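Shown below: protein.txt, with compact mmCIF, C-alpha atoms and all ligand atoms.
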```txt
# COMPACT_ATOMS: atom_id res chain seq x y z
CA MET A 14 -7.92 18.55 -33.62
CA GLU A 15 -4.24 17.92 -32.95
CA VAL A 16 -2.76 19.69 -29.96
CA ARG A 17 0.42 21.57 -30.72
CA GLN A 18 2.98 21.64 -27.97
CA ILE A 19 5.12 24.72 -27.65
CA LYS A 20 8.30 23.59 -25.94
CA MET A 21 9.65 26.02 -23.35
CA GLU A 22 13.14 26.09 -21.88
CA THR A 23 12.58 26.67 -18.18
CA LYS A 24 13.27 25.38 -14.67
CA ARG A 25 12.43 21.71 -14.22
CA THR A 26 13.67 20.82 -10.76
CA LYS A 27 11.34 22.80 -8.65
CA VAL A 28 11.95 21.94 -5.01
CA ILE A 29 15.53 23.12 -5.00
CA ARG A 30 15.30 26.54 -6.46
CA VAL A 31 18.37 26.51 -8.65
CA GLU A 32 17.99 29.47 -10.95
CA GLU A 33 18.32 28.57 -14.59
CA PRO A 34 17.93 31.38 -17.07
CA PHE A 35 14.37 31.36 -18.41
CA ARG A 36 14.57 31.70 -22.16
CA PRO A 37 11.07 32.38 -23.33
CA ASP A 38 10.26 31.02 -26.75
CA ARG A 39 9.01 34.46 -27.73
CA GLU A 40 7.42 33.33 -30.97
CA GLY A 41 5.59 30.44 -29.34
CA LEU A 42 4.35 32.61 -26.49
CA ALA A 43 3.24 35.36 -28.86
CA GLU A 44 1.23 32.76 -30.79
CA ALA A 45 -0.32 31.40 -27.59
CA GLY A 46 -1.17 34.96 -26.52
CA GLU A 47 -2.79 35.61 -29.90
CA ILE A 48 -4.89 32.45 -29.55
CA LEU A 49 -6.05 33.63 -26.12
CA ARG A 50 -7.01 37.05 -27.49
CA ALA A 51 -8.90 35.37 -30.35
CA GLY A 52 -11.04 33.35 -27.93
CA GLY A 53 -9.10 30.05 -27.98
CA LEU A 54 -8.06 27.70 -25.18
CA VAL A 55 -4.43 27.62 -24.04
CA VAL A 56 -3.02 25.31 -21.36
CA PHE A 57 -0.07 26.86 -19.51
CA PRO A 58 2.14 25.97 -16.55
CA THR A 59 1.85 27.71 -13.21
CA GLU A 60 3.85 27.09 -10.04
CA THR A 61 0.89 25.11 -8.60
CA VAL A 62 -0.64 23.00 -11.39
CA TYR A 63 -1.27 23.45 -15.12
CA GLY A 64 -4.10 25.87 -15.96
CA LEU A 65 -6.62 25.74 -18.82
CA GLY A 66 -6.85 29.37 -19.90
CA ALA A 67 -9.23 31.55 -21.89
CA ASN A 68 -9.90 35.29 -22.19
CA ALA A 69 -11.72 36.07 -18.92
CA LEU A 70 -13.69 38.92 -20.53
CA ASP A 71 -15.03 36.80 -23.42
CA PRO A 72 -18.09 34.75 -22.37
CA ASP A 73 -17.87 32.36 -25.34
CA ALA A 74 -14.20 31.65 -24.71
CA VAL A 75 -14.96 30.99 -21.03
CA SER A 76 -17.79 28.61 -21.97
CA GLY A 77 -15.18 26.65 -23.94
CA ILE A 78 -13.28 25.97 -20.70
CA PHE A 79 -16.36 24.39 -19.11
CA ARG A 80 -16.94 22.25 -22.24
CA ALA A 81 -13.34 21.03 -22.47
CA LYS A 82 -13.21 20.03 -18.79
CA GLY A 83 -16.77 18.78 -18.46
CA ARG A 84 -17.00 21.19 -15.53
CA PRO A 85 -20.34 22.01 -13.85
CA SER A 86 -21.29 25.58 -14.78
CA ASP A 87 -21.93 26.52 -11.14
CA ASN A 88 -18.23 26.20 -10.27
CA PRO A 89 -16.53 29.60 -10.76
CA LEU A 90 -13.05 30.18 -12.23
CA ILE A 91 -9.93 31.97 -11.02
CA ILE A 92 -8.76 34.93 -13.13
CA HIS A 93 -4.99 35.10 -13.60
CA ILE A 94 -3.22 38.46 -13.81
CA CYS A 95 0.40 39.60 -14.13
CA LYS A 96 0.19 43.09 -12.61
CA ILE A 97 -1.33 44.29 -9.34
CA ASP A 98 -3.02 47.20 -11.15
CA GLN A 99 -5.29 44.73 -12.96
CA VAL A 100 -7.08 44.15 -9.65
CA TYR A 101 -8.65 47.60 -9.96
CA GLU A 102 -10.10 46.68 -13.37
CA LEU A 103 -11.62 43.43 -12.11
CA ALA A 104 -12.53 43.98 -8.44
CA ASP A 105 -14.85 46.60 -7.01
CA ASP A 106 -13.00 46.90 -3.74
CA PHE A 107 -9.32 46.22 -3.03
CA THR A 108 -9.30 46.57 0.76
CA VAL A 109 -6.16 47.39 2.73
CA GLN A 110 -6.11 43.80 4.07
CA ALA A 111 -6.41 42.37 0.55
CA GLN A 112 -3.61 44.66 -0.62
CA ARG A 113 -1.42 43.43 2.21
CA ALA A 114 -2.12 39.82 1.22
CA ALA A 115 -1.33 40.54 -2.43
CA GLU A 116 1.86 42.39 -1.58
CA ALA A 117 3.04 39.58 0.69
CA PHE A 118 2.15 36.56 -1.44
CA TRP A 119 1.91 37.65 -5.11
CA PRO A 120 3.16 36.40 -7.40
CA GLY A 121 2.36 33.12 -5.66
CA PRO A 122 -0.12 30.38 -4.80
CA LEU A 123 -2.77 32.61 -3.20
CA THR A 124 -6.17 33.37 -4.76
CA LEU A 125 -8.09 36.34 -3.35
CA ILE A 126 -11.90 36.47 -3.41
CA LEU A 127 -13.02 40.09 -3.85
CA PRO A 128 -16.23 41.88 -4.89
CA LYS A 129 -16.44 41.69 -8.67
CA LYS A 130 -16.69 44.45 -11.25
CA ALA A 131 -19.55 44.37 -13.77
CA CYS A 132 -17.19 43.78 -16.73
CA ILE A 133 -16.64 40.15 -15.66
CA PRO A 134 -18.99 37.75 -17.45
CA ALA A 135 -21.34 35.72 -15.25
CA GLN A 136 -19.83 32.51 -16.69
CA VAL A 137 -16.52 33.22 -14.93
CA THR A 138 -18.01 33.76 -11.48
CA ALA A 139 -20.94 31.32 -11.86
CA GLY A 140 -23.30 34.18 -11.11
CA LEU A 141 -21.62 35.12 -7.80
CA ASN A 142 -21.00 38.77 -6.98
CA THR A 143 -17.37 37.99 -6.11
CA VAL A 144 -14.35 37.20 -8.27
CA ALA A 145 -11.28 35.03 -7.62
CA LEU A 146 -7.94 36.66 -8.61
CA ARG A 147 -4.41 35.30 -8.59
CA MET A 148 -0.97 36.27 -9.90
CA PRO A 149 0.95 33.04 -10.54
CA ASP A 150 4.65 32.71 -9.68
CA ASN A 151 5.88 31.04 -12.83
CA PRO A 152 7.99 32.84 -15.44
CA VAL A 153 6.23 31.14 -18.37
CA ALA A 154 2.78 31.99 -17.00
CA LEU A 155 3.75 35.61 -16.32
CA ALA A 156 5.32 36.01 -19.77
CA LEU A 157 2.22 34.54 -21.42
CA LEU A 158 -0.15 36.79 -19.43
CA GLU A 159 1.96 39.79 -20.33
CA THR A 160 2.09 39.06 -24.04
CA ALA A 161 -1.63 38.17 -24.13
CA GLY A 162 -2.43 41.49 -22.47
CA ILE A 163 -5.75 40.26 -21.09
CA PRO A 164 -6.90 38.69 -17.81
CA VAL A 165 -7.02 34.91 -18.22
CA ALA A 166 -9.61 32.69 -16.54
CA ALA A 167 -8.08 29.29 -15.82
CA PRO A 168 -9.12 26.27 -13.78
CA SER A 169 -6.75 23.36 -13.35
CA ALA A 170 -6.18 21.68 -16.74
CA ASN A 171 -7.77 18.32 -15.92
CA THR A 172 -11.05 16.67 -16.76
CA SER A 173 -13.44 17.68 -13.99
CA GLY A 174 -13.07 15.42 -10.94
CA ARG A 175 -9.64 14.03 -11.89
CA PRO A 176 -6.39 14.92 -10.09
CA SER A 177 -4.95 18.23 -11.30
CA PRO A 178 -2.10 17.85 -13.81
CA THR A 179 1.45 18.78 -12.86
CA THR A 180 3.06 17.68 -16.15
CA VAL A 181 2.17 18.12 -19.82
CA ASP A 182 1.82 14.37 -20.17
CA HIS A 183 -1.01 14.41 -17.62
CA VAL A 184 -2.61 17.43 -19.31
CA LEU A 185 -2.69 15.61 -22.64
CA ARG A 186 -4.22 12.48 -21.10
CA ASP A 187 -7.28 14.57 -20.24
CA LEU A 188 -7.38 17.34 -22.82
CA ASP A 189 -5.66 16.20 -26.02
CA GLY A 190 -7.84 17.34 -28.90
CA LYS A 191 -9.97 19.58 -26.65
CA VAL A 192 -7.71 22.64 -26.44
CA ASP A 193 -5.87 24.73 -29.04
CA VAL A 194 -2.38 24.83 -27.55
CA VAL A 195 -0.41 23.45 -24.58
CA VAL A 196 2.57 25.46 -23.40
CA ASP A 197 5.12 23.05 -21.88
CA GLY A 198 6.87 24.46 -18.85
CA GLY A 199 8.08 21.23 -17.27
CA SER A 200 6.70 19.96 -13.98
CA CYS A 201 5.00 22.26 -11.50
CA ARG A 202 7.02 23.31 -8.47
CA ILE A 203 4.30 23.26 -5.80
CA GLY A 204 2.18 20.45 -7.19
CA LEU A 205 -1.17 21.34 -5.61
CA GLU A 206 -3.43 24.32 -6.13
CA SER A 207 -3.45 27.80 -4.67
CA THR A 208 -5.00 28.71 -1.34
CA VAL A 209 -8.41 30.32 -1.97
CA LEU A 210 -8.92 33.13 0.57
CA ASP A 211 -12.22 34.96 0.94
CA MET A 212 -11.36 38.59 1.65
CA THR A 213 -15.00 39.72 1.66
CA SER A 214 -15.46 38.67 5.29
CA GLU A 215 -13.69 39.67 8.47
CA PRO A 216 -11.63 37.76 9.50
CA PRO A 217 -10.70 36.35 6.09
CA VAL A 218 -11.67 32.72 5.47
CA ILE A 219 -9.64 30.03 3.74
CA LEU A 220 -12.10 28.32 1.40
CA ARG A 221 -9.50 25.93 -0.02
CA PRO A 222 -6.15 25.26 1.70
CA GLY A 223 -3.28 25.34 -0.77
CA GLY A 224 0.24 26.50 -1.53
CA VAL A 225 0.21 29.31 1.07
CA SER A 226 -0.33 27.93 4.57
CA ARG A 227 -2.74 29.31 7.16
CA GLU A 228 0.26 29.93 9.41
CA ASP A 229 1.91 32.11 6.74
CA LEU A 230 -1.34 34.01 6.09
CA GLU A 231 -1.82 34.67 9.78
CA GLY A 232 1.70 36.09 9.96
CA VAL A 233 0.52 38.88 7.64
CA LEU A 234 -3.25 39.15 8.16
CA GLY A 235 -3.75 38.09 11.78
CA HIS A 236 -6.43 35.55 12.66
CA THR A 237 -7.69 33.73 9.60
CA ASP A 238 -10.55 31.22 9.63
CA ILE A 239 -10.72 28.02 7.66
CA ASP A 240 -13.99 26.84 6.10
CA ALA A 241 -15.27 23.60 7.66
CA SER A 242 -15.89 22.00 4.26
CA SER A 243 -12.13 21.84 3.70
CA TYR A 244 -11.89 19.31 6.56
CA ASP A 245 -15.12 17.45 6.29
CA HIS A 246 -16.01 15.43 3.25
CA ASP A 247 -19.76 15.95 3.64
CA SER A 248 -20.10 19.04 5.77
CA PRO A 249 -23.70 20.31 5.71
CA GLY A 250 -24.92 23.56 4.20
CA ILE A 251 -23.98 25.46 1.09
CA PRO A 252 -20.21 25.47 0.56
CA ARG A 253 -18.83 29.00 0.27
CA SER A 254 -16.48 27.83 -2.44
CA PRO A 255 -18.71 26.01 -4.91
CA GLY A 256 -15.84 23.84 -6.18
CA MET A 257 -15.38 22.18 -2.82
CA LYS A 258 -18.70 20.31 -2.95
CA TYR A 259 -17.71 18.04 -5.84
CA ARG A 260 -15.80 14.75 -5.56
CA HIS A 261 -12.35 15.83 -6.51
CA TYR A 262 -8.83 14.70 -7.18
CA ALA A 263 -10.21 11.23 -7.76
CA PRO A 264 -8.34 8.58 -9.71
CA LYS A 265 -10.34 5.68 -11.17
CA ALA A 266 -9.28 3.36 -8.33
CA LYS A 267 -11.01 3.51 -4.96
CA VAL A 268 -8.87 5.56 -2.55
CA VAL A 269 -8.57 4.73 1.17
CA LEU A 270 -6.86 7.20 3.49
CA VAL A 271 -5.19 5.86 6.65
CA ASN A 272 -4.26 8.41 9.31
CA GLY A 273 -3.10 8.47 12.91
CA LYS A 274 -0.55 10.10 15.21
CA GLU A 275 2.17 7.43 14.98
CA LEU A 276 3.74 6.48 11.66
CA ASN A 277 4.20 2.91 12.90
CA ASP A 278 0.47 2.57 13.53
CA ILE A 279 -0.29 3.97 10.08
CA SER A 280 2.05 1.58 8.26
CA ASN A 281 0.86 -1.43 10.30
CA LYS A 282 -2.73 -0.60 9.38
CA VAL A 283 -1.80 -0.15 5.70
CA ASN A 284 -0.19 -3.63 5.69
CA GLU A 285 -3.26 -5.08 7.40
CA LEU A 286 -5.52 -3.53 4.75
CA ILE A 287 -3.26 -4.79 1.93
CA ALA A 288 -3.59 -8.35 3.29
CA ASN A 289 -7.34 -7.88 3.53
CA TYR A 290 -7.70 -6.65 -0.06
CA HIS A 291 -5.40 -9.41 -1.32
CA SER A 292 -7.67 -11.99 0.30
CA GLN A 293 -10.48 -10.52 -1.83
CA ASN A 294 -8.28 -10.82 -4.95
CA LEU A 295 -7.99 -7.03 -5.24
CA THR A 296 -4.73 -5.36 -6.26
CA VAL A 297 -3.35 -2.48 -4.22
CA GLY A 298 -1.10 0.52 -4.80
CA VAL A 299 0.23 2.51 -1.85
CA LEU A 300 0.84 6.24 -1.88
CA ALA A 301 3.66 6.04 0.64
CA SER A 302 6.26 8.35 2.16
CA GLY A 303 9.99 7.87 1.71
CA GLU A 304 10.22 6.49 5.25
CA THR A 305 7.72 3.66 4.68
CA VAL A 306 7.71 2.81 0.98
CA GLN A 307 10.01 -0.20 1.28
CA GLY A 308 7.83 -1.92 3.88
CA TYR A 309 4.70 -2.60 1.83
CA GLY A 310 3.90 -5.86 0.09
CA ALA A 311 1.55 -4.26 -2.42
CA GLU A 312 1.47 -4.54 -6.22
CA ALA A 313 2.77 -0.98 -6.47
CA ALA A 314 4.04 1.69 -4.10
CA PHE A 315 4.84 5.30 -4.97
CA PRO A 316 7.18 7.29 -2.68
CA LEU A 317 5.92 10.87 -2.35
CA GLY A 318 8.99 12.03 -0.47
CA SER A 319 10.19 12.36 3.09
CA ARG A 320 7.79 13.31 5.86
CA VAL A 321 10.26 15.90 7.09
CA GLN A 322 9.91 17.71 3.73
CA LEU A 323 6.16 17.98 3.18
CA GLU A 324 6.73 20.36 0.23
CA THR A 325 8.08 17.38 -1.70
CA VAL A 326 5.10 15.28 -0.71
CA ALA A 327 2.79 18.05 -1.99
CA GLN A 328 4.77 18.36 -5.21
CA ASN A 329 4.42 14.64 -5.97
CA LEU A 330 0.89 14.09 -4.67
CA PHE A 331 -1.22 14.37 -7.85
CA TYR A 332 1.57 12.82 -9.90
CA GLY A 333 1.59 9.82 -7.55
CA LEU A 334 -2.20 9.42 -7.65
CA ARG A 335 -2.14 9.39 -11.44
CA PHE A 336 0.91 7.09 -11.49
CA LEU A 337 -0.80 4.47 -9.32
CA ASP A 338 -3.95 4.76 -11.39
CA ASP A 339 -1.89 3.98 -14.50
CA CYS A 340 -0.75 0.78 -12.71
CA ASN A 341 -4.43 -0.26 -12.90
CA VAL A 342 -4.64 -1.24 -9.26
CA ASP A 343 -8.12 -1.74 -7.76
CA ILE A 344 -7.37 0.12 -4.53
CA ILE A 345 -5.05 3.01 -3.70
CA ILE A 346 -4.16 3.29 -0.02
CA ALA A 347 -2.74 6.66 1.04
CA GLU A 348 -0.93 7.46 4.27
CA GLY A 349 -2.03 10.56 6.18
CA TYR A 350 0.13 13.55 7.17
CA PRO A 351 0.11 16.11 10.00
CA ASP A 352 -2.56 18.78 9.45
CA GLU A 353 -0.22 21.78 9.60
CA GLY A 354 1.62 23.99 7.13
CA ILE A 355 1.35 22.56 3.61
CA GLY A 356 0.15 19.35 5.31
CA THR A 357 -3.31 20.97 5.63
CA ALA A 358 -3.57 21.20 1.83
CA ILE A 359 -2.18 17.68 1.34
CA MET A 360 -4.75 16.25 3.76
CA ASN A 361 -7.57 18.27 2.15
CA ARG A 362 -6.76 16.76 -1.28
CA LEU A 363 -6.35 13.25 0.14
CA ARG A 364 -9.68 13.48 1.99
CA LYS A 365 -11.41 14.62 -1.20
CA ALA A 366 -9.75 11.85 -3.22
CA ALA A 367 -10.83 9.28 -0.62
CA GLY A 368 -14.39 10.64 -0.63
CA GLY A 369 -15.08 9.50 2.93
CA ASN A 370 -13.01 6.27 2.97
CA LEU A 371 -11.01 7.30 6.02
CA VAL A 372 -9.43 4.84 8.48
CA MET A 373 -8.14 6.30 11.77
CA VAL A 374 -5.64 4.38 13.91
O1 LIG A 401 -3.53 26.93 -8.27
C1 LIG A 401 -4.63 27.16 -8.74
O2 LIG A 401 -5.50 27.81 -8.13
C2 LIG A 401 -4.94 26.58 -10.14
C3 LIG A 401 -3.99 27.26 -11.14
C4 LIG A 401 -4.30 26.87 -12.56
O3 LIG A 401 -4.06 28.64 -10.96
N1 LIG A 401 -6.31 26.80 -10.49
C5 LIG A 401 -7.31 26.11 -9.91
O4 LIG A 401 -8.57 26.41 -10.41
O5 LIG A 401 -7.16 25.29 -9.03
P1 LIG A 401 -9.85 25.51 -10.14
O6 LIG A 401 -10.89 26.07 -11.03
O7 LIG A 401 -9.51 24.10 -10.31
O8 LIG A 401 -10.26 25.84 -8.67
C6 LIG A 401 -10.80 27.13 -8.36
C7 LIG A 401 -11.43 27.10 -6.99
C8 LIG A 401 -12.70 26.30 -6.97
O9 LIG A 401 -12.80 25.59 -5.75
C9 LIG A 401 -13.77 27.41 -7.06
O10 LIG A 401 -15.00 27.02 -6.52
C10 LIG A 401 -13.12 28.52 -6.26
O11 LIG A 401 -11.76 28.45 -6.63
N2 LIG A 401 -13.66 29.84 -6.63
C11 LIG A 401 -13.51 30.51 -7.80
N3 LIG A 401 -14.20 31.68 -7.76
C12 LIG A 401 -14.77 31.77 -6.54
C13 LIG A 401 -15.60 32.74 -5.88
N4 LIG A 401 -15.97 33.86 -6.49
N5 LIG A 401 -15.99 32.47 -4.62
C14 LIG A 401 -15.61 31.34 -3.98
N6 LIG A 401 -14.83 30.38 -4.55
C15 LIG A 401 -14.42 30.59 -5.81
MG MG A 402 -9.43 22.07 -10.20
```
What is this file in C-alpha cells?
Amino acid sequence: MEVRQIKMETKRTKVIRVEEPFRPDREGLAEAGEILRAGGLVVFPTETVYGLGANALDPDAVSGIFRAKGRPSDNPLIIHICKIDQVYELADDFTVQAQRAAEAFWPGPLTLILPKKACIPAQVTAGLNTVALRMPDNPVALALLETAGIPVAAPSANTSGRPSPTTVDHVLRDLDGKVDVVVDGGSCRIGLESTVLDMTSEPPVILRPGGVSREDLEGVLGHTDIDASSYDHDSPGIPRSPGMKYRHYAPKAKVVLVNGKELNDISNKVNELIANYHSQNLTVGVLASGETVQGYGAEAAFPLGSRVQLETVAQNLFYGLRFLDDCNVDIIIAEGYPDEGIGTAIMNRLRKAAGGNLVMV
C-alpha cells in the first residue's frame, strides 16, 4: 500500500510563535476525515508529536492502530477531541477539578484520565475503567477532528518502542505502507508528548510528565503528585499508566545518560566516556546542548539547543535521537538537564531511552 501525503500549509517554525495564516487544504482534510469515519488509519500532526489516529468508537479501527505500531494490547490509547462538550459523551464524571484543568490547558499538551463511559470499546482503554482525553493545540489536528466529527484514538505515530515522530519523514520511516494517509503539518512545536494526569485520585497524579509542567498544573490545581515510575526506570509494582512500563523512546544504538549538577562535570565525563568507547573501537554520537556541542571529539554530535531555553531542547529531543541513530553510531551519549519545568519531561524520556544506563557525576 502506498501512503498518500496530503500537504498542508501551516506553521513550521514552532518555538517562536509567529502567526502564519493556516490555510487548511479543505479537500485533503475532508478526505482524511472520511477515511477516519470509514475505519481507516490517518496520521496527523499535533503540537506534541504526530499521532496515529482511528475512530475511537470503532473496535476494528482501533485494533488497526495496535497492528500498525506493533503495540502491546495492554497499553491504552488517548482519545483526541476538538470540543469540551465531547468529554460528557466519553467520560462518566467531569469533576470540577478536571474542568478547571481542561479550561486552563486545553487545547494543549495535557491528557486527563477520567472514569470512562460504556460506549468506549475495551480496545481503547485496554480494559481499564478510565479513559484518557486530550484536545490538541494544533490547527491541522483541530480542523481534522472537526471535519471527521468523531472522537479519534491516537497514540504517537511511531513503531512501538521507537522515539515518537516529530516530522513526516520520521513517521514514514516507521509506518510507510501501514497506514492509509499521512497529513503533513510540518514539524511539531513541543516535540515531546502530553502530560498524562490522573484526575480520578485526589490529589491528581502525573502519570507521564510532558508538555504541561507540574509547576503549571499546581498553579491551577494545587498540590499535584508525580508517579514514581516516571523517575525510576524499574520502579516496583504495577505502573498506573501501563505505557510507562515498556522500554521507550529507544533508538537502535545503546543510550547512556550522563547527569550531574555542574555542566563542566557532565561534559568532562562525556569526553572521558567517548575516549573509553573509542578504545573499544565503538563509534559515539553525543546528544549535546548548544553550550557544549563544540567540545566533543565524537563521530557525531547533535545540538539540541541552549540550556537556558529547555523548550528548544524538548522540541529537538526525539529528532536528535533519530538523527544520531541514522548516523549509525554504536553508542549515543546524552547530557542530562535540570529536573524542573519541561526539564522533568526531557529527563523522563532520556531515562527511558537509556533504560538504566545512567552515569552520575
Ligand atoms: O502528546 C501525546 O499525548 C501524543 C499525541 C499523539 O497526542 N500521544 C501519545 O500517545 O503520546 P501514546 O499512546 O504514545 O501514549 C499514551 C500514554 C501511555 O503511556 C498510556 O499508557 C497512557 O497514556 N494512558 C492512556 N490511557 C490511560 C488510562 N486510562 N490510564 C492510565 N494511562 C493511560
Ligand atoms: Mg508513544
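Across the structure, atom CA of A:Pro216 and atom C9 of ligand LIG 401 (chain A) are spaced 19.6 Å apart.
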Near stretch 133-144 of chain A, within 10 Å and counting only C-alpha atoms, which residues show up once chain neighbours fewer than 3 positions away are dropped, as an NGL selection string? :A and (69-76 or 78-79 or 85-92 or 102-105 or 124-130 or 166-167 or 211-213 or 255)
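The binding environment of ligand MG 402 (chain A), defined as every protein, DNA or RNA residue with an atom no more than 9 Å away and counting only C-alpha atoms and all ligand atoms, comprises Val62, Gly64, Pro168, Ser169, Ala170, Asn171, Thr172, Ser173, Gly174, Arg175, Pro176, Ser177, Glu206, Gly256, His261 and Tyr262 of chain A.
Compared by their closest atoms to ligand LIG 401 (chain A), and using only C-alpha atoms and all ligand atoms, the residues A:Glu116, A:Glu228, A:Asp150, A:Glu44 rank with A:Asp150 nearest.
Candidate residues A:Arg147, A:Arg202, A:Lys267, A:Lys274 were compared for distance to ligand LIG 401 (chain A), and the nearest is A:Arg147, using all atoms listed in the file.
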Hey, could you pull the box centre and edge lengths for ligand LIG 401 (chain A), axis-aligned, 4 Å padding per side, all listed atoms, to one decimal in Å, as lines of an AutoDock Vina configuration file?
```
center_x = -9.8
center_y = 29.0
center_z = -8.3
size_x = 20.5
size_y = 17.8
size_z = 16.6
```
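Checking A:Gly356, A:Pro178, A:Gly52, A:Pro316 one by one against ligand LIG 401 (chain A), counting only C-alpha atoms and all ligand atoms, you find the shortest gap at A:Pro178.
Atom CA of A:Val165 is positioned 5.8 Å from atom CA of A:Gly66.
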Just add all heavy atoms to stretch 301-308 of chain A and send it as a tab-separated table (two decimals), keeping the file's coordinate frame.
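What ended up in rebuild.tsv:
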```
chain	number	residue	atom	x	y	z
A	301	ALA	N	2.90	6.13	-0.60
A	301	ALA	CA	3.66	6.04	0.64
A	301	ALA	C	4.57	7.26	0.82
A	301	ALA	O	4.68	8.10	-0.07
A	301	ALA	CB	4.51	4.77	0.62
A	302	SER	N	5.22	7.34	1.97
A	302	SER	CA	6.26	8.35	2.16
A	302	SER	C	7.61	7.67	2.01
A	302	SER	O	7.70	6.43	2.04
A	302	SER	CB	6.11	9.02	3.53
A	302	SER	OG	5.90	8.05	4.52
A	303	GLY	N	8.66	8.44	1.87
A	303	GLY	CA	9.99	7.87	1.71
A	303	GLY	C	10.35	6.94	2.84
A	303	GLY	O	11.03	5.93	2.65
A	304	GLU	N	9.87	7.26	4.06
A	304	GLU	CA	10.22	6.49	5.25
A	304	GLU	C	9.61	5.09	5.23
A	304	GLU	O	10.13	4.18	5.88
A	304	GLU	CB	9.75	7.23	6.51
A	304	GLU	CG	10.57	8.46	6.87
A	304	GLU	CD	10.19	9.71	6.08
A	304	GLU	OE1	9.33	9.62	5.18
A	304	GLU	OE2	10.78	10.77	6.36
A	305	THR	N	8.48	4.91	4.54
A	305	THR	CA	7.72	3.66	4.68
A	305	THR	C	7.65	2.83	3.40
A	305	THR	O	7.21	1.68	3.45
A	305	THR	CB	6.27	3.98	5.09
A	305	THR	OG1	5.74	4.91	4.14
A	305	THR	CG2	6.20	4.55	6.49
A	306	VAL	N	8.05	3.41	2.27
A	306	VAL	CA	7.71	2.81	0.98
A	306	VAL	C	8.26	1.39	0.80
A	306	VAL	O	7.64	0.56	0.14
A	306	VAL	CB	8.15	3.75	-0.19
A	306	VAL	CG1	9.67	3.84	-0.27
A	306	VAL	CG2	7.56	3.30	-1.51
A	307	GLN	N	9.40	1.13	1.45
A	307	GLN	CA	10.01	-0.20	1.28
A	307	GLN	C	9.23	-1.30	2.01
A	307	GLN	O	9.39	-2.48	1.71
A	307	GLN	CB	11.45	-0.22	1.83
A	307	GLN	CG	12.37	0.79	1.20
A	307	GLN	CD	12.71	0.44	-0.26
A	307	GLN	OE1	12.45	-0.66	-0.72
A	307	GLN	NE2	13.27	1.40	-0.97
A	308	GLY	N	8.41	-0.92	2.98
A	308	GLY	CA	7.83	-1.92	3.88
A	308	GLY	C	6.49	-2.48	3.44
A	308	GLY	O	5.85	-3.20	4.21
```
